[in-house]
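> What follows is work28.tsv, TSV, C-alpha atoms.
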chain	number	residue	atom	x	y	z
M	1	MET	CA	18.07	-8.48	-10.02
M	2	SER	CA	15.62	-5.71	-9.14
M	3	GLY	CA	15.40	-2.52	-7.11
M	4	PHE	CA	15.85	1.05	-8.33
M	5	VAL	CA	16.37	1.59	-12.03
M	6	GLU	CA	17.83	4.98	-11.10
M	7	LYS	CA	18.15	5.55	-7.35
M	8	PRO	CA	17.51	9.22	-6.55
M	9	GLU	CA	19.83	11.31	-4.43
M	10	PRO	CA	18.08	12.38	-1.21
M	11	VAL	CA	17.22	16.05	-0.77
M	12	GLN	CA	19.37	17.59	1.95
M	13	VAL	CA	17.47	19.78	4.42
M	14	PRO	CA	19.19	21.59	7.31
M	15	GLY	CA	18.10	20.09	10.62
M	16	LEU	CA	16.94	16.83	9.07
M	17	VAL	CA	18.93	13.61	8.88
M	18	HIS	CA	18.14	11.38	5.90
M	19	LEU	CA	17.49	7.83	7.11
M	20	HIS	CA	16.16	5.85	4.17
M	21	THR	CA	15.02	6.03	0.55
M	22	GLY	CA	12.15	3.60	0.00
M	23	LYS	CA	10.19	2.60	-3.05
M	24	VAL	CA	7.96	5.66	-2.73
M	25	ARG	CA	8.83	7.46	0.53
M	26	ASP	CA	11.92	9.22	1.77
M	27	LEU	CA	12.42	9.08	5.52
M	28	TYR	CA	14.16	11.73	7.65
M	29	GLN	CA	14.55	12.43	11.34
M	30	ASN	CA	14.30	15.89	12.91
M	31	ALA	CA	16.13	17.25	15.95
M	32	GLU	CA	13.29	16.14	18.26
M	33	GLY	CA	13.63	12.55	17.09
M	34	ASP	CA	10.38	12.59	15.12
M	35	LEU	CA	10.21	11.01	11.68
M	36	VAL	CA	9.55	13.10	8.58
M	37	MET	CA	7.98	11.04	5.79
M	38	VAL	CA	7.91	12.48	2.29
M	39	ALA	CA	5.91	10.65	-0.39
M	40	SER	CA	7.49	10.96	-3.82
M	41	ASP	CA	5.87	10.42	-7.21
M	42	ARG	CA	7.90	7.25	-7.77
M	43	THR	CA	6.09	4.07	-8.71
M	44	SER	CA	7.17	0.45	-8.34
M	45	VAL	CA	6.00	-2.68	-10.10
M	46	TYR	CA	7.38	-6.22	-10.17
M	47	ASP	CA	9.93	-5.23	-7.49
M	48	TRP	CA	11.41	-2.46	-9.66
M	49	VAL	CA	11.19	1.25	-8.88
M	50	LEU	CA	10.65	2.76	-12.31
M	51	PRO	CA	12.58	5.72	-13.75
M	52	THR	CA	9.32	7.49	-14.73
M	53	GLU	CA	7.26	9.27	-12.07
M	54	ILE	CA	3.46	9.66	-11.88
M	55	PRO	CA	2.70	13.37	-11.28
M	56	ASP	CA	0.82	14.13	-8.01
M	57	LYS	CA	0.99	10.50	-6.87
M	58	GLY	CA	2.79	11.25	-3.61
M	59	ARG	CA	0.38	14.04	-2.71
M	60	ILE	CA	-2.63	11.82	-3.45
M	61	LEU	CA	-1.26	8.98	-1.31
M	62	THR	CA	-0.55	11.35	1.58
M	63	GLN	CA	-3.87	13.19	1.49
M	64	LEU	CA	-5.85	9.96	1.16
M	65	SER	CA	-3.96	8.41	4.08
M	66	LEU	CA	-4.70	11.45	6.24
M	67	TRP	CA	-8.39	11.23	5.33
M	68	TRP	CA	-8.49	7.57	6.36
M	69	PHE	CA	-6.50	8.15	9.57
M	70	ASP	CA	-9.24	10.52	10.76
M	71	LEU	CA	-11.98	8.00	10.00
M	72	LEU	CA	-10.15	5.19	11.80
M	73	ALA	CA	-9.01	7.06	14.91
M	74	ASP	CA	-11.63	5.44	17.15
M	75	ILE	CA	-10.34	1.97	16.18
M	76	VAL	CA	-6.59	2.55	16.32
M	77	PRO	CA	-4.42	5.65	16.87
M	78	ASN	CA	-2.03	6.75	14.12
M	79	HIS	CA	1.49	8.12	14.12
M	80	VAL	CA	0.85	11.56	12.57
M	81	ILE	CA	1.96	14.59	14.59
M	82	SER	CA	1.78	17.32	11.96
M	83	THR	CA	1.62	18.01	8.24
M	84	GLU	CA	3.51	21.31	8.47
M	85	LEU	CA	6.63	21.55	6.36
M	86	PRO	CA	9.87	21.47	8.37
M	87	GLU	CA	11.79	24.72	8.25
M	88	GLY	CA	13.99	24.82	5.18
M	89	ALA	CA	12.13	22.04	3.37
M	90	PRO	CA	11.61	22.53	-0.37
M	91	ALA	CA	8.22	23.84	-1.52
M	92	GLN	CA	7.56	20.67	-3.53
M	93	TRP	CA	7.25	18.75	-0.25
M	94	ALA	CA	3.97	20.54	0.47
M	95	GLY	CA	1.00	18.16	0.63
M	96	ARG	CA	3.20	15.09	0.63
M	97	THR	CA	4.89	15.37	4.03
M	98	MET	CA	3.92	13.94	7.42
M	99	VAL	CA	5.80	14.49	10.67
M	100	CYS	CA	5.27	11.31	12.66
M	101	ARG	CA	6.04	9.71	15.98
M	102	SER	CA	8.91	7.27	15.99
M	103	LEU	CA	7.59	3.79	16.76
M	104	ARG	CA	8.96	0.35	17.52
M	105	MET	CA	7.72	-1.20	14.30
M	106	VAL	CA	6.27	-4.70	14.17
M	107	PRO	CA	8.17	-6.67	11.48
M	108	VAL	CA	5.01	-7.94	9.78
M	109	GLU	CA	2.93	-6.76	6.82
M	110	CYS	CA	-0.63	-7.05	8.13
M	111	VAL	CA	-2.82	-8.01	5.18
M	112	ALA	CA	-6.61	-8.31	5.19
M	113	ARG	CA	-8.41	-10.00	2.32
M	114	GLY	CA	-12.11	-9.91	1.61
M	115	TYR	CA	-11.83	-11.21	-1.95
M	116	LEU	CA	-9.66	-13.82	-3.65
M	117	THR	CA	-7.02	-12.60	-6.09
M	118	GLY	CA	-3.27	-12.08	-6.48
M	119	SER	CA	-0.92	-14.29	-4.48
M	120	GLY	CA	-3.89	-15.58	-2.49
M	121	LEU	CA	-5.46	-16.93	-5.67
M	122	VAL	CA	-2.22	-18.69	-6.63
M	123	GLU	CA	-2.06	-20.48	-3.28
M	124	TYR	CA	-5.79	-21.26	-3.34
M	125	ASN	CA	-5.57	-22.86	-6.78
M	126	ARG	CA	-2.72	-25.03	-5.52
M	127	ASP	CA	-3.83	-25.95	-2.00
M	128	ARG	CA	-7.34	-24.52	-1.40
M	129	THR	CA	-5.76	-22.35	1.30
M	130	VAL	CA	-4.47	-18.78	1.74
M	131	CYS	CA	-1.61	-18.42	4.24
M	132	GLY	CA	-2.59	-21.86	5.48
M	133	LEU	CA	-6.25	-20.92	6.07
M	134	ALA	CA	-8.61	-23.43	4.45
M	135	LEU	CA	-11.18	-21.97	2.05
M	136	PRO	CA	-14.22	-23.60	0.41
M	137	GLU	CA	-14.21	-25.15	-3.04
M	138	GLY	CA	-15.47	-23.29	-6.07
M	139	LEU	CA	-13.83	-19.89	-5.60
M	140	VAL	CA	-12.41	-18.05	-8.62
M	141	ASP	CA	-10.46	-14.89	-9.30
M	142	GLY	CA	-12.45	-12.04	-7.72
M	143	SER	CA	-14.70	-14.21	-5.52
M	144	GLU	CA	-15.84	-12.65	-2.26
M	145	LEU	CA	-14.64	-14.73	0.67
M	146	PRO	CA	-17.12	-16.09	3.24
M	147	ALA	CA	-15.54	-13.67	5.75
M	148	PRO	CA	-12.47	-11.42	5.66
M	149	ILE	CA	-9.22	-13.16	6.58
M	150	PHE	CA	-5.90	-12.04	8.08
M	151	THR	CA	-3.05	-13.13	5.80
M	152	PRO	CA	0.24	-11.67	7.05
M	153	ALA	CA	3.48	-11.35	5.12
M	154	THR	CA	7.11	-10.66	5.88
M	155	LYS	CA	8.43	-7.18	5.12
M	156	ALA	CA	10.84	-7.06	2.19
M	157	GLU	CA	13.62	-4.66	1.30
M	158	VAL	CA	13.49	-2.66	-1.94
M	159	GLY	CA	13.83	-5.12	-4.82
M	160	GLU	CA	12.71	-8.16	-2.84
M	161	HIS	CA	9.37	-9.95	-2.54
M	162	ASP	CA	7.10	-9.88	0.49
M	163	GLU	CA	6.47	-13.50	1.46
M	164	ASN	CA	3.12	-14.72	2.78
M	165	VAL	CA	3.41	-16.46	6.15
M	166	SER	CA	1.02	-18.28	8.46
M	167	TYR	CA	-0.52	-16.78	11.58
M	168	GLU	CA	1.43	-19.31	13.62
M	169	GLU	CA	4.69	-18.00	12.18
M	170	VAL	CA	3.70	-14.45	13.14
M	171	ALA	CA	2.91	-15.61	16.69
M	172	ARG	CA	6.35	-17.21	16.94
M	173	GLU	CA	7.99	-14.05	15.60
M	174	VAL	CA	6.23	-11.37	17.69
M	175	GLY	CA	4.48	-13.34	20.44
M	176	ALA	CA	0.95	-14.68	20.76
M	177	GLU	CA	-0.50	-11.54	22.37
M	178	THR	CA	0.85	-9.18	19.71
M	179	ALA	CA	-0.17	-11.54	16.90
M	180	ALA	CA	-3.73	-11.67	18.22
M	181	LEU	CA	-3.87	-7.88	18.52
M	182	LEU	CA	-2.52	-7.44	15.00
M	183	ARG	CA	-5.15	-9.78	13.57
M	184	GLN	CA	-7.98	-8.19	15.53
M	185	THR	CA	-6.99	-4.62	14.61
M	186	THR	CA	-6.28	-5.43	10.97
M	187	LEU	CA	-9.70	-7.00	10.46
M	188	ALA	CA	-11.47	-4.22	12.36
M	189	VAL	CA	-9.84	-1.54	10.21
M	190	TYR	CA	-10.52	-3.50	7.04
M	191	GLY	CA	-14.17	-3.93	7.98
M	192	ARG	CA	-14.64	-0.21	8.58
M	193	ALA	CA	-12.86	0.75	5.37
M	194	ARG	CA	-14.67	-1.90	3.30
M	195	ASP	CA	-18.05	-0.53	4.36
M	196	ILE	CA	-17.06	3.09	3.68
M	197	ALA	CA	-15.69	2.20	0.24
M	198	ARG	CA	-18.76	0.13	-0.59
M	199	GLU	CA	-21.01	3.14	0.08
M	200	ARG	CA	-18.99	4.96	-2.58
M	201	GLY	CA	-19.24	2.23	-5.20
M	202	ILE	CA	-15.80	0.75	-4.59
M	203	ILE	CA	-14.85	-2.77	-3.51
M	204	LEU	CA	-11.90	-2.99	-1.15
M	205	ALA	CA	-10.60	-6.40	-2.19
M	206	ASP	CA	-7.56	-6.46	0.09
M	207	THR	CA	-5.16	-4.11	1.82
M	208	LYS	CA	-2.03	-4.11	3.93
M	209	PHE	CA	-1.15	-2.17	7.06
M	210	GLU	CA	1.95	-1.50	9.12
M	211	PHE	CA	1.84	-1.17	12.90
M	212	GLY	CA	4.23	-0.20	15.65
M	213	TYR	CA	4.26	0.39	19.38
M	214	ASP	CA	4.70	3.85	20.90
M	215	GLU	CA	6.55	4.65	24.12
M	216	GLN	CA	3.45	3.84	26.17
M	217	GLY	CA	3.15	0.39	24.61
M	218	THR	CA	0.08	1.27	22.54
M	219	LEU	CA	-0.36	-0.29	19.10
M	220	VAL	CA	-0.32	2.46	16.46
M	221	ILE	CA	-1.04	2.32	12.72
M	222	ALA	CA	1.73	3.83	10.60
M	223	ASP	CA	3.06	4.57	7.12
M	224	GLU	CA	0.32	4.89	4.50
M	225	VAL	CA	-3.16	3.46	4.84
M	226	LEU	CA	-5.83	2.38	2.36
M	227	THR	CA	-4.30	3.94	-0.74
M	228	PRO	CA	-4.20	2.49	-4.26
M	229	ASP	CA	-0.57	1.56	-3.56
M	230	SER	CA	-1.39	-0.51	-0.47
M	231	SER	CA	-4.84	-1.77	-1.47
M	232	ARG	CA	-6.81	-3.28	-4.30
M	233	PHE	CA	-9.79	-1.04	-5.07
M	234	TRP	CA	-12.24	-2.28	-7.69
M	235	PRO	CA	-15.21	-0.44	-9.24
M	236	ALA	CA	-18.22	-2.23	-7.75
M	237	ASP	CA	-20.31	-1.87	-10.91
M	238	LEU	CA	-17.69	-3.72	-12.97
M	239	TRP	CA	-17.04	-6.54	-10.50
M	240	GLU	CA	-17.30	-9.92	-12.23
M	241	PRO	CA	-15.78	-12.97	-10.51
M	242	GLY	CA	-13.91	-15.32	-12.79
M	243	ARG	CA	-11.60	-12.78	-14.37
M	244	ALA	CA	-9.09	-10.09	-13.42
M	245	GLN	CA	-10.95	-7.02	-12.16
M	246	PRO	CA	-10.48	-3.42	-13.32
M	247	SER	CA	-8.73	-1.55	-10.53
M	248	PHE	CA	-7.71	1.87	-9.23
M	249	ASP	CA	-4.00	1.21	-9.05
M	250	LYS	CA	-0.94	0.56	-11.18
M	251	GLN	CA	-2.64	-1.88	-13.55
M	252	PHE	CA	-2.07	0.35	-16.57
M	253	VAL	CA	1.64	0.27	-15.76
M	254	ARG	CA	1.71	-3.50	-15.24
M	255	ASP	CA	-0.20	-4.13	-18.47
M	256	HIS	CA	2.13	-1.89	-20.43
M	257	LEU	CA	5.30	-3.49	-19.09
M	258	THR	CA	4.08	-7.05	-19.71
M	259	ASP	CA	2.83	-6.34	-23.24
M	260	PRO	CA	4.79	-8.80	-25.44
M	261	ALA	CA	5.26	-6.04	-27.99
M	262	LEU	CA	7.44	-4.14	-25.51
M	263	GLY	CA	9.87	-7.05	-25.24
M	264	TRP	CA	10.66	-6.67	-21.53
M	265	ASP	CA	10.96	-9.84	-19.44
M	266	ARG	CA	9.71	-9.23	-15.89
M	267	ASN	CA	11.65	-12.33	-14.75
M	268	GLY	CA	14.87	-11.33	-16.46
M	269	GLU	CA	17.88	-9.30	-15.37
M	270	GLU	CA	17.24	-6.17	-17.44
M	271	PRO	CA	15.53	-3.22	-15.74
M	272	PRO	CA	12.19	-2.06	-17.13
M	273	PRO	CA	12.07	0.85	-19.58
M	274	GLY	CA	10.55	4.23	-18.90
M	275	LEU	CA	6.83	4.81	-19.35
M	276	PRO	CA	5.22	6.61	-22.29
M	277	ALA	CA	3.16	9.73	-21.58
M	278	GLU	CA	-0.20	8.06	-22.16
M	279	VAL	CA	0.49	5.35	-19.58
M	280	VAL	CA	1.60	7.98	-17.07
M	281	GLU	CA	-1.58	10.00	-17.62
M	282	GLN	CA	-3.87	6.96	-17.40
M	283	SER	CA	-2.20	5.86	-14.18
M	284	ARG	CA	-2.48	9.35	-12.67
M	285	ALA	CA	-6.15	9.52	-13.66
M	286	ARG	CA	-6.89	6.31	-11.75
M	287	TYR	CA	-5.23	7.63	-8.58
M	288	VAL	CA	-7.21	10.84	-8.87
M	289	GLU	CA	-10.47	8.96	-9.46
M	290	ALA	CA	-9.88	6.75	-6.42
M	291	TYR	CA	-9.26	9.82	-4.25
M	292	GLU	CA	-12.31	11.67	-5.51
M	293	ARG	CA	-14.70	8.74	-5.31
M	294	LEU	CA	-13.61	7.81	-1.80
M	295	THR	CA	-13.43	11.28	-0.27
M	296	GLY	CA	-16.18	12.96	-2.28
M	297	THR	CA	-13.77	15.86	-2.83
M	298	ALA	CA	-12.39	17.13	-6.13
M	299	TRP	CA	-8.63	16.76	-6.46
M	300	SER	CA	-6.70	19.97	-6.93
Would you mind writing the file's structure down as structure tokens?

Amino acid sequence: MSGFVEKPEPVQVPGLVHLHTGKVRDLYQNAEGDLVMVASDRTSVYDWVLPTEIPDKGRILTQLSLWWFDLLADIVPNHVISTELPEGAPAQWAGRTMVCRSLRMVPVECVARGYLTGSGLVEYNRDRTVCGLALPEGLVDGSELPAPIFTPATKAEVGEHDENVSYEEVAREVGAETAALLRQTTLAVYGRARDIARERGIILADTKFEFGYDEQGTLVIADEVLTPDSSRFWPADLWEPGRAQPSFDKQFVRDHLTDPALGWDRNGEEPPPGLPAEVVEQSRARYVEAYERLTGTAWS
């Protein structure tokens, strides 16, 4: 069992229809048929959405995504129409809301990996492959790959696991032409972002994107992009292959929840407990640091 420990009630806004409550984002539709995405301060680990929020997290994710969208616009268009608050929306939505085009979403998580870790490391240690792609011998946790690879996954509902799949499975699911375009665009975006992050002392180990088609049949990048929730960012000066790397994400939360002293079993049926204040503050500080190091702008 997993999912929401405490599922929140959606905010009701006149003129907006609530469509979905996700792990982090709430999705609405306005009278024009556009989507209104609101990033909350919720956090999820091990397929659970925790009862404790990380202050400012939704604003950081939104503002960082918007920063990246601008830098990537010459590679792929994005779905953002406006960041203005819909009429009647609560003030706390400011800075965390995007009004977006409605797209025909591609049912694939498009993952790019430049370094070996996570589920890719598990498969590599077993088969010397990642999503069926053969890799050389001798790689360890944190190793840089010979070249970035496209390792897609299925999209999962709240409380379920994304599952890595082969490129051939993606081609069967969405067609060969779309699969090729997804791979090409994913690796192009990753390459641009990797180089920008590297200039700022950050390693972009891997990241995932979501794409959809607009009414003209153009592939468009959607949702969030290149945030600590969708990417593994590592401090370049602390990178040391052969061990787990320090990261700008939810690692403080994961470490706390898997501490044997806490007594929570991530594979059991019981939901995780709330987070203590120090874990919340450490996690927030890492999100803020990632934003500031990448953008060169102080968070406020």
> Would you give me, as JSON lines, each residue of stretch 111-144 of chain M having an atom within 8 Å of an atom of stretch 207-210 of chain M, along with its shortest atom pair and that distance in Å to one decimal, using only C-alpha atoms and sorting by chain and residue number?

{"residue": "M:Val111", "atom": "CA", "partner": "M:Lys208", "partner_atom": "CA", "distance": 4.2}
{"residue": "M:Ala112", "atom": "CA", "partner": "M:Thr207", "partner_atom": "CA", "distance": 5.6}
{"residue": "M:Arg113", "atom": "CA", "partner": "M:Thr207", "partner_atom": "CA", "distance": 6.7}
> Of the residues M:Gly114, M:Pro14, M:Pro148, M:Gly132, which is the one nearest to M:Ala89, using all atoms listed in the file?
M:Pro14
> Which is closer to M:Val108 than all the others in M:Ala180, M:Ala31, M:Val170, M:Ala261, using all atoms listed in the file?
M:Val170
> Kindly indicate which residue among M:Pro55, M:Pro271, M:Pro146, M:Pro10 lies nearest to M:Ala285, using all atoms listed in the file for the distances.
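Among the listed residues, the smallest separation from M:Ala285 belongs to M:Pro55.
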> Between M:Ser102, M:Thr52, M:Ser143, M:Gln63, which has the minimum distance to M:Ala244 (counting only C-alpha atoms)?
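That would be M:Ser143, the residue with the smallest distance to M:Ala244.
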> When distances are computed from all atoms listed in the file, which of M:Leu133, M:Val5, M:Val17, M:Ala236 shows the smallest separation from M:Glu270?
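So, comparing all the options, the nearest one is M:Val5.
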> Pick the closest to M:Val24 from M:Ser166, M:Arg96, M:Leu64, M:Ala91: which is it, counting only C-alpha atoms?
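The shortest atom-to-atom distance to M:Val24 comes from M:Arg96.
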> Atom CA of M:Leu145 and atom CA of M:Glu169, how far apart in Å?
22.7 Å
> Measure the distance from atom CA of M:Val189 to atom CA of M:Tyr46 in Å and round it to one decimal.
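Atom CA of M:Val189 sits 27.1 Å away from atom CA of M:Tyr46.
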> Can you tell me how far atom CA of M:Tyr167 sits from atom CA of M:Pro241, in Å to one decimal?
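Interatomic distance here is 27.1 Å.
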> Which polymer residues have any atom within 10 Å of an atom of M:Arg266, counting all atoms listed in the file, with same-chain residues fewer than 5 positions away left out, as a VMD selection string?
chain M and resid 2 45 to 48 254 257 to 258 271 to 272
> How would the residues just chosen look if you wrote them out with C-alpha atoms as an mmCIF file, keeping the file's coordinate frame?

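What landed in part_31.cif:
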data_model
loop_
_atom_site.group_PDB
_atom_site.id
_atom_site.type_symbol
_atom_site.label_atom_id
_atom_site.label_comp_id
_atom_site.auth_asym_id
_atom_site.auth_seq_id
_atom_site.Cartn_x
_atom_site.Cartn_y
_atom_site.Cartn_z
ATOM 1 C CA SER M 2 15.620 -5.710 -9.140
ATOM 2 C CA VAL M 45 6.000 -2.680 -10.100
ATOM 3 C CA TYR M 46 7.380 -6.220 -10.170
ATOM 4 C CA ASP M 47 9.930 -5.230 -7.490
ATOM 5 C CA TRP M 48 11.410 -2.460 -9.660
ATOM 6 C CA ARG M 254 1.710 -3.500 -15.240
ATOM 7 C CA LEU M 257 5.300 -3.490 -19.090
ATOM 8 C CA THR M 258 4.080 -7.050 -19.710
ATOM 9 C CA PRO M 271 15.530 -3.220 -15.740
ATOM 10 C CA PRO M 272 12.190 -2.060 -17.130
#
> Which residues, protein or nucleic acid, reach to within 10 Å of (7.7, 4.1, -11.3) in the file's coordinates when using all atoms listed in the file, and can you give that as a PyMOL selection string?
chain M and resi 4-5+23-24+41-45+48-54+250+253+272-275+280
> M:Asn125: which residues within 12 Å, counting all atoms listed in the file, same-chain residues fewer than 4 positions away excluded, as an MDAnalysis selection string?
chainID M and resid 116:121 129:130 134:141
> Dig up all the protein and nucleic acid residues within 12 Å of (-11.4, -3.0, 14.6) in the file frame, using all atoms listed in the file, and format them as number ranges by chain.
M: 71-77, 112, 181-194, 221
> Leaving out M:Gly95 and any residue of its chain fewer than 4 positions from it, which residues lie within 12 Å of it when counting all atoms listed in the file, given as a PyMOL selection string?
chain M and resi 37-40+56-66+82-85+90-91+99+300
